[in-house]
$ cat protein12.cif   # mmCIF, C-alpha atoms
data_work
#
loop_
_atom_site.label_atom_id
_atom_site.label_comp_id
_atom_site.auth_asym_id
_atom_site.auth_seq_id
_atom_site.Cartn_x
_atom_site.Cartn_y
_atom_site.Cartn_z
CA SER P 1 -1.38 71.18 -30.83
CA GLY P 2 -4.55 69.17 -30.39
CA GLU P 3 -6.81 72.06 -29.35
CA GLU P 4 -9.60 70.86 -31.63
CA THR P 5 -9.56 67.44 -29.93
CA GLY P 6 -9.66 68.81 -26.39
CA GLY P 7 -5.92 69.31 -25.99
CA LEU P 8 -5.38 65.55 -25.74
CA ALA P 9 -2.11 65.85 -27.64
CA GLY P 10 -1.27 69.36 -26.48
CA VAL P 11 -1.85 71.49 -23.40
CA ARG P 12 -4.00 68.94 -21.61
CA TRP P 13 -1.29 66.31 -22.07
CA LEU P 14 1.38 68.73 -20.85
CA VAL P 15 -0.66 69.60 -17.76
CA GLU P 16 -1.07 65.91 -16.92
CA HIS P 17 2.42 64.65 -17.80
CA LYS P 18 4.83 67.62 -17.94
CA ARG P 19 3.44 69.94 -15.30
CA GLY P 20 6.66 71.91 -14.97
CA LEU P 21 6.38 73.13 -18.54
CA THR P 22 3.00 74.73 -17.83
CA ASP P 23 3.74 76.41 -14.48
CA ALA P 24 3.49 79.93 -15.88
CA GLY P 25 2.51 83.29 -14.48
CA VAL P 26 0.07 83.97 -17.30
CA ALA P 27 -1.10 82.54 -20.61
CA LEU P 28 -2.24 84.40 -23.71
CA ASN P 29 -4.51 82.42 -25.99
CA GLU P 30 -7.26 82.79 -28.58
CA GLY P 31 -10.80 83.77 -27.60
CA GLY P 32 -11.18 87.53 -27.27
CA PRO P 33 -12.78 89.02 -30.39
CA LEU P 34 -11.64 91.92 -32.52
CA VAL P 35 -14.85 93.04 -34.21
CA LEU P 36 -14.89 95.13 -37.39
CA THR P 37 -17.59 97.37 -38.76
CA PRO P 38 -19.77 95.62 -41.38
CA ASP P 39 -17.71 97.09 -44.23
CA GLY P 40 -14.49 95.77 -42.67
CA GLU P 41 -12.91 99.23 -42.64
CA LYS P 42 -12.81 100.09 -38.94
CA LEU P 43 -12.32 98.28 -35.66
CA ARG P 44 -15.21 98.81 -33.27
CA PHE P 45 -14.59 96.43 -30.38
CA VAL P 46 -11.68 94.71 -28.61
CA GLY P 47 -12.61 91.81 -26.35
CA ILE P 48 -10.63 90.26 -23.50
CA SER P 49 -11.83 86.72 -22.89
CA SER P 50 -11.50 85.89 -19.21
CA ALA P 51 -14.05 83.04 -19.27
CA GLU P 52 -15.49 80.51 -21.66
CA LYS P 53 -18.43 78.20 -21.98
CA SER P 54 -17.93 74.50 -21.32
CA PHE P 55 -18.05 72.21 -24.34
CA GLN P 56 -20.07 69.07 -23.66
CA SER P 57 -21.68 66.63 -26.07
CA PHE P 58 -24.38 64.11 -25.15
CA SER P 59 -25.51 60.98 -26.96
CA LEU P 60 -29.24 60.35 -27.30
CA THR P 61 -30.10 56.71 -28.02
CA ALA P 62 -33.45 55.08 -28.86
CA ARG P 63 -33.80 51.32 -29.26
CA GLY P 64 -36.17 49.08 -31.21
CA LYS P 65 -36.42 45.47 -32.36
CA GLY P 66 -35.24 46.20 -35.88
CA GLY P 67 -36.30 44.21 -38.92
CA HIS P 68 -37.24 44.80 -42.54
CA SER P 69 -38.51 48.22 -43.61
CA SER P 70 -41.54 46.58 -45.33
CA MET P 71 -42.98 45.63 -41.93
CA PRO P 72 -42.68 48.66 -39.63
CA SER P 73 -44.35 48.96 -36.25
CA PRO P 74 -43.90 51.14 -33.17
CA ALA P 75 -42.00 48.30 -31.50
CA THR P 76 -39.48 48.06 -34.34
CA ASP P 77 -38.98 51.78 -34.99
CA PRO P 78 -36.47 53.70 -32.81
CA VAL P 79 -36.12 56.58 -35.28
CA THR P 80 -39.49 58.24 -34.65
CA PRO P 81 -39.05 58.44 -30.84
CA LEU P 82 -35.58 59.86 -31.37
CA ALA P 83 -36.95 62.40 -33.84
CA ARG P 84 -39.57 63.50 -31.29
CA ALA P 85 -36.81 63.87 -28.69
CA LEU P 86 -34.72 66.01 -31.03
CA VAL P 87 -37.65 68.31 -31.74
CA LYS P 88 -37.97 68.90 -28.00
CA VAL P 89 -34.23 69.53 -27.70
CA GLY P 90 -34.51 72.04 -30.53
CA GLU P 91 -37.31 73.82 -28.69
CA LEU P 92 -35.52 73.83 -25.32
CA ARG P 93 -34.48 77.29 -24.10
CA PHE P 94 -32.22 77.48 -21.09
CA PRO P 95 -32.70 80.45 -18.73
CA ALA P 96 -31.29 83.77 -19.91
CA LYS P 97 -28.86 85.64 -17.67
CA VAL P 98 -26.18 88.31 -18.02
CA LEU P 99 -23.03 87.10 -16.26
CA PRO P 100 -20.20 89.46 -15.17
CA ALA P 101 -17.95 88.12 -17.96
CA VAL P 102 -20.31 89.37 -20.69
CA LYS P 103 -21.85 92.48 -19.09
CA GLN P 104 -19.25 94.91 -20.47
CA SER P 105 -19.25 93.49 -23.99
CA LEU P 106 -23.06 93.62 -24.21
CA ALA P 107 -23.01 97.23 -23.03
CA VAL P 108 -20.50 98.10 -25.76
CA ARG P 109 -22.53 96.30 -28.38
CA ALA P 110 -25.61 98.30 -27.43
CA ARG P 111 -23.77 101.42 -28.69
CA TRP P 112 -23.67 100.28 -32.31
CA GLU P 113 -26.85 98.23 -32.62
CA LYS P 114 -30.21 99.76 -33.54
CA PRO P 115 -33.54 99.45 -31.69
CA PRO P 116 -35.09 97.23 -30.57
CA LEU P 117 -31.87 95.21 -30.07
CA SER P 118 -29.88 98.15 -28.67
CA SER P 119 -32.62 99.02 -26.17
CA ALA P 120 -32.99 95.40 -25.06
CA LEU P 121 -29.23 95.15 -24.55
CA GLU P 122 -29.20 98.31 -22.43
CA ARG P 123 -32.05 97.08 -20.26
CA ALA P 124 -30.51 93.61 -19.85
CA VAL P 125 -27.18 95.12 -18.75
CA ALA P 126 -28.95 97.43 -16.29
CA SER P 127 -30.98 94.58 -14.78
CA ALA P 128 -28.15 92.00 -14.81
CA PRO P 129 -28.09 89.16 -14.15
CA SER P 130 -31.83 88.88 -14.82
CA VAL P 131 -33.34 89.35 -18.28
CA SER P 132 -37.02 90.12 -18.73
CA PRO P 133 -39.10 87.79 -20.94
CA ALA P 134 -39.75 90.63 -23.39
CA ASP P 135 -36.06 91.46 -23.75
CA ASP P 136 -35.18 87.78 -23.93
CA ARG P 137 -37.36 87.41 -27.02
CA ILE P 138 -35.45 90.21 -28.71
CA LEU P 139 -31.98 89.11 -27.60
CA SER P 140 -32.48 85.43 -28.40
CA ALA P 141 -33.41 86.28 -31.99
CA GLU P 142 -29.81 87.42 -32.56
CA PRO P 143 -27.56 84.27 -32.46
CA SER P 144 -24.40 86.15 -31.46
CA VAL P 145 -26.21 87.61 -28.43
CA ASN P 146 -28.26 84.53 -27.58
CA ASN P 147 -25.10 82.46 -27.17
CA GLN P 148 -23.76 84.98 -24.65
CA ILE P 149 -26.75 84.89 -22.30
CA ARG P 150 -27.67 81.20 -22.05
CA THR P 151 -26.53 77.62 -22.31
CA THR P 152 -27.32 76.22 -25.75
CA CYS P 153 -27.79 72.66 -26.99
CA VAL P 154 -28.19 71.58 -30.61
CA ALA P 155 -28.25 68.27 -32.48
CA THR P 156 -25.21 67.88 -34.73
CA MET P 157 -24.95 64.19 -35.73
CA LEU P 158 -27.36 61.32 -36.53
CA GLU P 159 -26.87 57.57 -36.92
CA ALA P 160 -29.38 54.80 -37.62
CA ALA P 161 -29.74 51.95 -40.16
CA PRO P 162 -26.80 50.78 -42.31
CA GLN P 163 -28.99 50.83 -45.46
CA ASP P 164 -32.36 52.09 -46.63
CA ASN P 165 -34.42 48.89 -46.36
CA VAL P 166 -33.43 48.08 -42.77
CA LEU P 167 -35.17 49.08 -39.57
CA PRO P 168 -32.36 49.93 -37.15
CA THR P 169 -32.14 48.38 -33.71
CA THR P 170 -30.74 51.67 -32.43
CA ALA P 171 -30.98 55.27 -33.53
CA LYS P 172 -28.48 57.73 -32.12
CA ALA P 173 -27.97 61.46 -32.13
CA THR P 174 -25.21 63.66 -30.81
CA VAL P 175 -26.28 66.87 -29.11
CA ASN P 176 -23.59 69.46 -28.53
CA CYS P 177 -24.03 71.87 -25.63
CA ARG P 178 -22.15 75.04 -24.75
CA ILE P 179 -22.67 75.54 -21.03
CA LEU P 180 -22.44 78.84 -19.18
CA PRO P 181 -19.61 79.03 -16.62
CA ASP P 182 -21.99 79.04 -13.65
CA GLU P 183 -23.87 75.91 -14.80
CA THR P 184 -22.85 72.25 -14.78
CA ARG P 185 -22.70 69.25 -17.07
CA ASP P 186 -25.03 67.24 -14.80
CA GLY P 187 -27.53 70.08 -14.61
CA THR P 188 -27.52 70.39 -18.39
CA ARG P 189 -28.13 66.66 -18.80
CA ASP P 190 -31.02 66.86 -16.34
CA ALA P 191 -32.54 69.71 -18.35
CA LEU P 192 -32.31 67.64 -21.55
CA VAL P 193 -33.95 64.65 -19.86
CA ARG P 194 -36.81 66.80 -18.54
CA ALA P 195 -37.35 68.45 -21.92
CA ILE P 196 -37.42 65.10 -23.75
CA GLY P 197 -39.82 63.56 -21.23
CA ASP P 198 -39.33 60.03 -22.51
CA ASN P 199 -37.57 57.50 -20.29
CA SER P 200 -36.92 55.24 -23.28
CA ILE P 201 -34.42 57.77 -24.64
CA GLU P 202 -31.01 57.28 -23.07
CA VAL P 203 -29.09 60.53 -22.52
CA LYS P 204 -25.40 60.05 -21.77
CA PRO P 205 -22.56 62.60 -21.56
CA LEU P 206 -19.70 61.94 -23.95
CA GLU P 207 -16.09 62.82 -23.20
CA ASP P 208 -15.50 65.40 -20.48
CA ILE P 209 -12.96 67.83 -21.91
CA GLY P 210 -12.73 69.98 -18.80
CA VAL P 211 -14.26 72.91 -16.97
CA ALA P 212 -12.40 75.75 -15.30
CA PRO P 213 -13.14 78.96 -13.41
CA ALA P 214 -12.79 82.39 -15.01
CA SER P 215 -9.56 84.36 -14.86
CA PRO P 216 -9.56 87.66 -12.90
CA VAL P 217 -11.02 90.55 -14.90
CA THR P 218 -8.64 93.01 -13.23
CA GLY P 219 -4.87 92.93 -12.84
CA GLU P 220 -1.72 93.41 -14.90
CA VAL P 221 -2.76 91.26 -17.86
CA PRO P 222 -6.12 92.95 -18.58
CA GLU P 223 -4.39 96.28 -18.02
CA ALA P 224 -1.65 95.38 -20.51
CA ILE P 225 -4.22 94.34 -23.11
CA ARG P 226 -6.20 97.56 -22.62
CA ALA P 227 -3.05 99.68 -22.85
CA ALA P 228 -1.92 97.97 -26.05
CA ALA P 229 -5.36 98.42 -27.62
CA ALA P 230 -5.42 102.09 -26.64
CA ARG P 231 -2.03 102.69 -28.29
CA LEU P 232 -2.98 100.93 -31.53
CA TRP P 233 -6.66 101.85 -31.79
CA PRO P 234 -7.35 105.02 -29.75
CA GLY P 235 -10.98 105.38 -28.78
CA VAL P 236 -12.00 101.81 -29.63
CA PRO P 237 -13.85 100.29 -26.64
CA VAL P 238 -12.20 97.39 -24.81
CA ALA P 239 -14.32 95.07 -22.66
CA ASP P 240 -14.39 91.70 -20.92
CA SER P 241 -15.98 88.95 -22.96
CA MET P 242 -16.78 85.25 -22.80
CA SER P 243 -15.67 82.77 -25.43
CA THR P 244 -18.49 80.52 -26.61
CA GLY P 245 -16.04 78.05 -28.14
CA ALA P 246 -13.76 75.78 -26.18
CA THR P 247 -10.08 76.69 -25.99
CA ASP P 248 -7.01 75.35 -24.25
CA SER P 249 -7.32 78.08 -21.63
CA ARG P 250 -9.54 75.88 -19.48
CA HIS P 251 -6.71 73.38 -18.86
CA LEU P 252 -4.43 76.15 -17.63
CA ARG P 253 -7.08 77.92 -15.56
CA GLU P 254 -7.84 74.58 -13.93
CA ILE P 255 -4.29 74.43 -12.50
CA GLY P 256 -4.26 78.07 -11.45
CA VAL P 257 -2.61 79.73 -14.45
CA PRO P 258 -4.56 82.88 -15.40
CA ALA P 259 -5.35 82.58 -19.11
CA TYR P 260 -6.73 85.35 -21.32
CA GLY P 261 -8.13 85.13 -24.79
CA ILE P 262 -7.25 87.77 -27.33
CA SER P 263 -7.39 87.98 -31.10
CA THR P 264 -4.90 89.25 -33.63
CA ALA P 265 -7.20 88.76 -36.63
CA PRO P 266 -10.34 90.93 -36.75
CA ILE P 267 -13.61 89.79 -38.27
CA THR P 268 -17.02 91.25 -39.00
CA LEU P 269 -20.05 89.83 -37.20
CA GLY P 270 -21.39 88.88 -40.63
CA ASP P 271 -18.40 86.62 -41.27
CA ALA P 272 -18.70 85.15 -37.77
CA LEU P 273 -22.37 84.28 -38.23
CA SER P 274 -21.96 82.92 -41.77
CA GLY P 275 -19.21 80.47 -40.83
CA HIS P 276 -16.48 82.33 -42.70
CA ALA P 277 -14.68 83.13 -39.45
CA ALA P 278 -14.06 79.59 -38.19
CA HIS P 279 -14.60 76.00 -39.34
CA GLY P 280 -16.09 77.04 -42.67
CA PRO P 281 -14.98 75.80 -46.11
CA ASP P 282 -13.73 79.31 -46.89
CA GLU P 283 -12.46 80.36 -43.46
CA ARG P 284 -10.73 83.70 -43.81
CA ARG P 285 -9.32 86.85 -42.24
CA PRO P 286 -8.71 90.24 -43.89
CA VAL P 287 -5.04 90.54 -44.90
CA ARG P 288 -4.92 94.30 -44.34
CA TRP P 289 -5.30 93.81 -40.57
CA LEU P 290 -2.48 91.29 -40.09
CA GLY P 291 0.11 93.96 -39.33
CA ASP P 292 -1.97 95.49 -36.56
CA GLY P 293 -2.62 92.02 -35.16
CA VAL P 294 1.09 91.30 -34.89
CA ARG P 295 1.73 94.68 -33.28
CA PHE P 296 -1.10 94.10 -30.78
CA LEU P 297 0.40 90.83 -29.55
CA LYS P 298 3.89 92.36 -29.48
CA GLU P 299 2.73 95.35 -27.41
CA ILE P 300 0.98 93.12 -24.87
CA THR P 301 3.93 90.77 -24.57
CA LEU P 302 6.56 93.50 -24.16
CA THR P 303 4.42 95.24 -21.54
CA LEU P 304 4.13 92.04 -19.50
CA ILE P 305 7.84 91.13 -19.58
CA ARG P 306 9.22 94.60 -18.83
#

$ encode --input "protein12.cif" --output "structure tokens"
Amino acid sequence: SGEETGGLAGVRWLVEHKRGLTDAGVALNEGGPLVLTPDGEKLRFVGISSAEKSFQSFSLTARGKGGHSSMPSPATDPVTPLARALVKVGELRFPAKVLPAVKQSLAVRARWEKPPLSSALERAVASAPSVSPADDRILSAEPSVNNQIRTTCVATMLEAAPQDNVLPTTAKATVNCRILPDETRDGTRDALVRAIGDNSIEVKPLEDIGVAPASPVTGEVPEAIRAAAARLWPGVPVADSMSTGATDSRHLREIGVPAYGISTAPITLGDALSGHAAHGPDERRPVRWLGDGVRFLKEITLTLIR
């Protein structure tokens, strides 16, 4: 309950007010991908999410004197400075790096991709954590790889005048960032401020919904997940992965409960990139895989409680 609002009415509330109910040895949650071949016929990757990016939004605010739209001037117009700031945010590229949580999954992906992406993936894994500028250009062109190797920030909401003939006194934008586990909210804000380069633009963090360390990538839980995958899908590679979306796992990891993300509903990368996988108007999963998904969770659970 409440995962989409930061767990305020769910796990986060339980951690803060009913701690005894969350003192568990392990937690299984969403986050680790089951990736299908493009035709949806075969499973080609099982991910175990032991880490996730931090979700952090920032407000960008520009101010002007306001007035009537028939008499504009630089002093009365906050929209243009904000627009310039958003262009710079859109052009900002955080440093690329291959963290331990994504190294295995990128190596697996290199097996099914074609050059030049496959070759760039292989080189980036071999040189981890550093990524060469040439390989970065190739990797960053693929959104589902780019989000694994760097912090990302993108404008998602705008607010200005209440009607079309009014010059607003303030113009605001919301920029949503997904921050790598080894980077911080303050460092990300500083990077935005430097990129914008305009002291008149106020950059403020919005609600802090929590940051937590990664869960161990070895131990009985990863082993149970790997064993279950091997029984259901022999030969399909299983690897550590990092969730780029925020989940409730961070609240449990923060209090010392190892949390692991798995999936019981496979998707193709095409569906993931098109928005069909999550938060789209036609969000979907293939029905034919539901049985295997249930069996996967059952196998993991029974292994852990034996």

$ atom_distance --input "protein12.cif" --atom1 "CA of Pro74 in chain P" --atom2 "CA of Asp190 in chain P"
26.4 Å

$ residues_around --input "protein12.cif" --residues "Leu14 in chain P" --least-positions-apart "6" --cutoff "12 Å" --atoms "all atoms listed in the file" --output "PyMOL selection string"
chain P and resi 1-2+7-8+20-23+248+251-252+255

$ closest_residue --input "protein12.cif" --among "P:Asn165, P:Thr61, P:Ser70, P:Ser132" --to "Ala85 in chain P" --atoms "all atoms listed in the file"
P:Thr61

$ atom_distance --input "protein12.cif" --atom1 "CA of Thr268 in chain P" --atom2 "CA of Val46 in chain P"
12.2 Å

$ resolve_selection --input "protein12.cif" --expression "the PyMOL selection byres ((chain P and resi 167) around 6)" --output "JSON list (two decimals) with C-alpha atoms, keeping the file's coordinate frame"
[["chain", "number", "residue", "atom", "x", "y", "z"],
["P", 66, "GLY", "CA", -35.24, 46.20, -35.88],
["P", 67, "GLY", "CA", -36.30, 44.21, -38.92],
["P", 68, "HIS", "CA", -37.24, 44.80, -42.54],
["P", 69, "SER", "CA", -38.51, 48.22, -43.61],
["P", 166, "VAL", "CA", -33.43, 48.08, -42.77],
["P", 168, "PRO", "CA", -32.36, 49.93, -37.15]]

$ resolve_selection --input "protein12.cif" --expression "the PyMOL selection byres ((chain P and resi 216-223) around 10)" --output "list in words"
Val26, Ala27, Leu28, Ile48, Ser49, Ser50, Ala51, Pro100, Ala101, Pro213, Ala214, Ser215, Ala224, Ile225, Arg226, Ala227, Ala228, Ala229, Val238, Ala239, Asp240, Ser241, Pro258, Ala259, Tyr260, Ile300, Thr301, Thr303 and Leu304 of chain P

$ axis_aligned_box --input "protein12.cif" --around "range 96-110 of chain P" --padding-each-side "3 Å" --output "JSON"
{"center_x": -24.6, "center_y": 91.0, "center_z": -21.8, "size_x": 19.3, "size_y": 20.5, "size_z": 19.2}

$ residues_around --input "protein12.cif" --residues "Gly31 in chain P" --least-positions-apart "2" --cutoff "6 Å" --atoms "all atoms listed in the file" --output "PyMOL selection string"
chain P and resi 49+243+261-262

$ atom_distance --input "protein12.cif" --atom1 "CA of Lys53 in chain P" --atom2 "CA of Gly293 in chain P"
24.8 Å

$ closest_residue --input "protein12.cif" --among "P:Thr151, P:Ser274, P:Asn146, P:Gln163" --to "Gly187 in chain P" --atoms "only C-alpha atoms"
P:Thr151

$ residues_around --input "protein12.cif" --residues "Lys204 in chain P" --least-positions-apart "4" --cutoff "12 Å" --atoms "only C-alpha atoms" --output "VMD selection string"
chain P and resid 56 to 62 172 to 176 185 to 186 188 to 190 192 to 193 208

$ write_last_selection --input "protein12.cif" --atoms "C-alpha atoms" --output "compact mmCIF listing (two decimals), in the frame of the given file"
# COMPACT_ATOMS: atom_id res chain seq x y z
CA GLN P 56 -20.07 69.07 -23.66
CA SER P 57 -21.68 66.63 -26.07
CA PHE P 58 -24.38 64.11 -25.15
CA SER P 59 -25.51 60.98 -26.96
CA LEU P 60 -29.24 60.35 -27.30
CA THR P 61 -30.10 56.71 -28.02
CA ALA P 62 -33.45 55.08 -28.86
CA LYS P 172 -28.48 57.73 -32.12
CA ALA P 173 -27.97 61.46 -32.13
CA THR P 174 -25.21 63.66 -30.81
CA VAL P 175 -26.28 66.87 -29.11
CA ASN P 176 -23.59 69.46 -28.53
CA ARG P 185 -22.70 69.25 -17.07
CA ASP P 186 -25.03 67.24 -14.80
CA THR P 188 -27.52 70.39 -18.39
CA ARG P 189 -28.13 66.66 -18.80
CA ASP P 190 -31.02 66.86 -16.34
CA LEU P 192 -32.31 67.64 -21.55
CA VAL P 193 -33.95 64.65 -19.86
CA ASP P 208 -15.50 65.40 -20.48

$ resolve_selection --input "protein12.cif" --expression "the PyMOL selection byres ((chain P and resi 145) around 12)" --output "count of residues only"
39

$ closest_residue --input "protein12.cif" --among "P:Arg12, P:Arg44, P:Arg63, P:Arg19" --to "Val108 in chain P" --atoms "only C-alpha atoms"
P:Arg44

$ closest_residue --input "protein12.cif" --among "P:Ala171, P:Phe94, P:Val87, P:Gln104" --to "Ala126 in chain P" --atoms "all atoms listed in the file"
P:Gln104

$ closest_residue --input "protein12.cif" --among "P:Pro205, P:Ser130, P:Glu30, P:Gly6" --to "Leu297 in chain P" --atoms "only C-alpha atoms"
P:Glu30

$ closest_residue --input "protein12.cif" --among "P:Pro72, P:Pro95, P:Pro38, P:Gly32" --to "Ala191 in chain P" --atoms "all atoms listed in the file"
P:Pro95
